[in-house]
Structures are given as structure tokens and as C-alpha cells.
Amino acid sequence: MAFVPPARHLLRAKDLVDARYGERLMVNDMARAAGLSRAHFSREFRGAFGESPHGYLLTRRLERAAALLRTTDRSVADICFSVGLQSVGSFTSSFTRRYGRPPTAYRASFPRASQSALVPACILRAYMRPQNGTFGEDGTQPRP
């Protein structure tokens with residue numbers, strides 16, 4: 001079996017966090033993905049990426065939460081739980097530390113999501129189609 005540099009294994013753990021940040025992930029899960037012991041993984045991860053594995057996971061979750069606050073009208077609690085965090089209070093504290101203001105104030109600094117919501121063209125075409133067709137596509141017979 002060929003030797004694979006540890007940094008390559010660390011990228012597997014980083015990819016795991018990027019793909020599954022909303023799930024309950026522990027440092028043990030990341031270490032397992034990297035094929036290293038927990039302690040060795042934590043040291044190597046911090047050395048390679050400049051932050052702890054838990055810190056990286058929290059950063060990903062907060063970045064996703066910030067995007068959801070900007071682009072949706074979902075409640076702060078719903079966003080908190082959807083990004084994998086378990087406590088709204090801890091989420092608010094971490095978010096405030098990271099972005100300099102609480103989630104509600106952060107959201108208020110952007111236009112409402114309903115004002116900038118984009119509707120896919122296929123949906124627009126479906127709703128703009130005439131309600132009573134003349135070719136029987138809506139189940140009725142055309143008028144003579």
C-alpha cells in the first residue's frame with residue numbers, strides 16, 4: 001500500500017465537515033474519516049489549517065446560517081437547528097462573536113428575502129399559462 005501524506009487524510013475530514021455540517025458531527029467522526037486517532041488528528045488539523053476541528057465545523061455552520069439569514073425568512077431557531085447547532089442561545093452568542101451583531105440584527109441589515117426571492121422560469125411559465133385551454137389539455141372540450 002502506498003504512503004499517503006497526512007494532509008490528504010485531513011482533507012477527507014474537511015470534506016466531511018463541508019458536506020455534512022448540518023448533522024451531528026463529532027471530532028471522533030472527523031478523525032475516523034482522516035484515519036487518525038482523535039488526539040493526533042486534532043494536532044495535525046490545527047497545524048495544517050490553523051484552527052481546531054471543532055472551530056472549523058462551527059465556522060462552516062455559522063457561514064451557512066448567515067447565508068440563510070440573508071436569503072430566507074425562516075426563524076432564527078429553525079436556522080440554528082438546520083445548520084446542526086443544538087442551542088439557540090449558544091448560536092446567538094457564537095454568531096454575535098463572529099459577525100459582530102446578533103442574528104436578528106444581521107438579518108435586518110439586508111433586504112427582506114421575500115423582496116429578492118427569485119422564482120424559477122418554469123414555475124412562472126406554469127402559472128402564466130391560460131387557465132382554460134382551447135386544445136383540451138386541461139380536460140375540458142374546446143368550444144366550437
# chains A, B, ... in the order shown; residues from 1 in each chain; ligands from 1
>>> residues_around(residues="range 57-72 of chain A", least_positions_apart="6", cutoff="7 Å", atoms="only C-alpha atoms", output="short mmCIF file (atom, residue, chain, number, x, y, z; two decimals) with N, CA and C atoms, in the first residue's frame")
data_model
loop_
_atom_site.label_atom_id
_atom_site.label_comp_id
_atom_site.auth_asym_id
_atom_site.auth_seq_id
_atom_site.Cartn_x
_atom_site.Cartn_y
_atom_site.Cartn_z
N VAL A 17 -16.85 17.58 6.85
CA VAL A 17 -17.47 18.73 7.53
C VAL A 17 -18.21 19.60 6.53
N ASP A 18 -17.60 19.87 5.39
CA ASP A 18 -18.24 20.72 4.38
C ASP A 18 -19.53 20.09 3.86
N TYR A 21 -22.21 19.36 7.55
CA TYR A 21 -22.17 20.28 8.69
C TYR A 21 -23.48 20.31 9.46
N ILE A 79 -33.22 28.08 11.68
CA ILE A 79 -31.90 28.13 11.05
C ILE A 79 -30.85 27.52 11.97
N CYS A 80 -30.92 27.83 13.23
CA CYS A 80 -29.98 27.28 14.21
C CYS A 80 -29.97 25.76 14.14
N VAL A 83 -28.65 24.05 10.74
CA VAL A 83 -27.21 24.02 10.48
C VAL A 83 -26.47 23.11 11.46
N PHE A 95 -22.67 33.49 16.93
CA PHE A 95 -22.91 34.32 15.75
C PHE A 95 -22.50 35.76 16.03
N ARG A 107 -29.80 39.98 10.09
CA ARG A 107 -30.86 39.83 9.07
C ARG A 107 -31.46 41.18 8.72
N PHE A 110 -30.11 43.49 5.85
CA PHE A 110 -30.26 43.08 4.44
C PHE A 110 -31.72 43.23 4.04
N ALA A 113 -35.98 38.75 2.44
CA ALA A 113 -35.79 37.68 1.46
C ALA A 113 -36.97 37.63 0.48
#
>>> closest_residue(among="A:Arg98, A:Arg74, A:His9, A:Arg112", to="Phe41 in chain A", atoms="only C-alpha atoms")
A:His9
>>> residues_around(residues="range 51-54 of chain A", least_positions_apart="6", cutoff="8 Å", atoms="only C-alpha atoms", output="MDAnalysis selection string")
chainID A and resid 26:27 30 42 45
>>> atom_distance(atom1="CA of Phe91 in chain A", atom2="CA of Leu16 in chain A")
21.4 Å
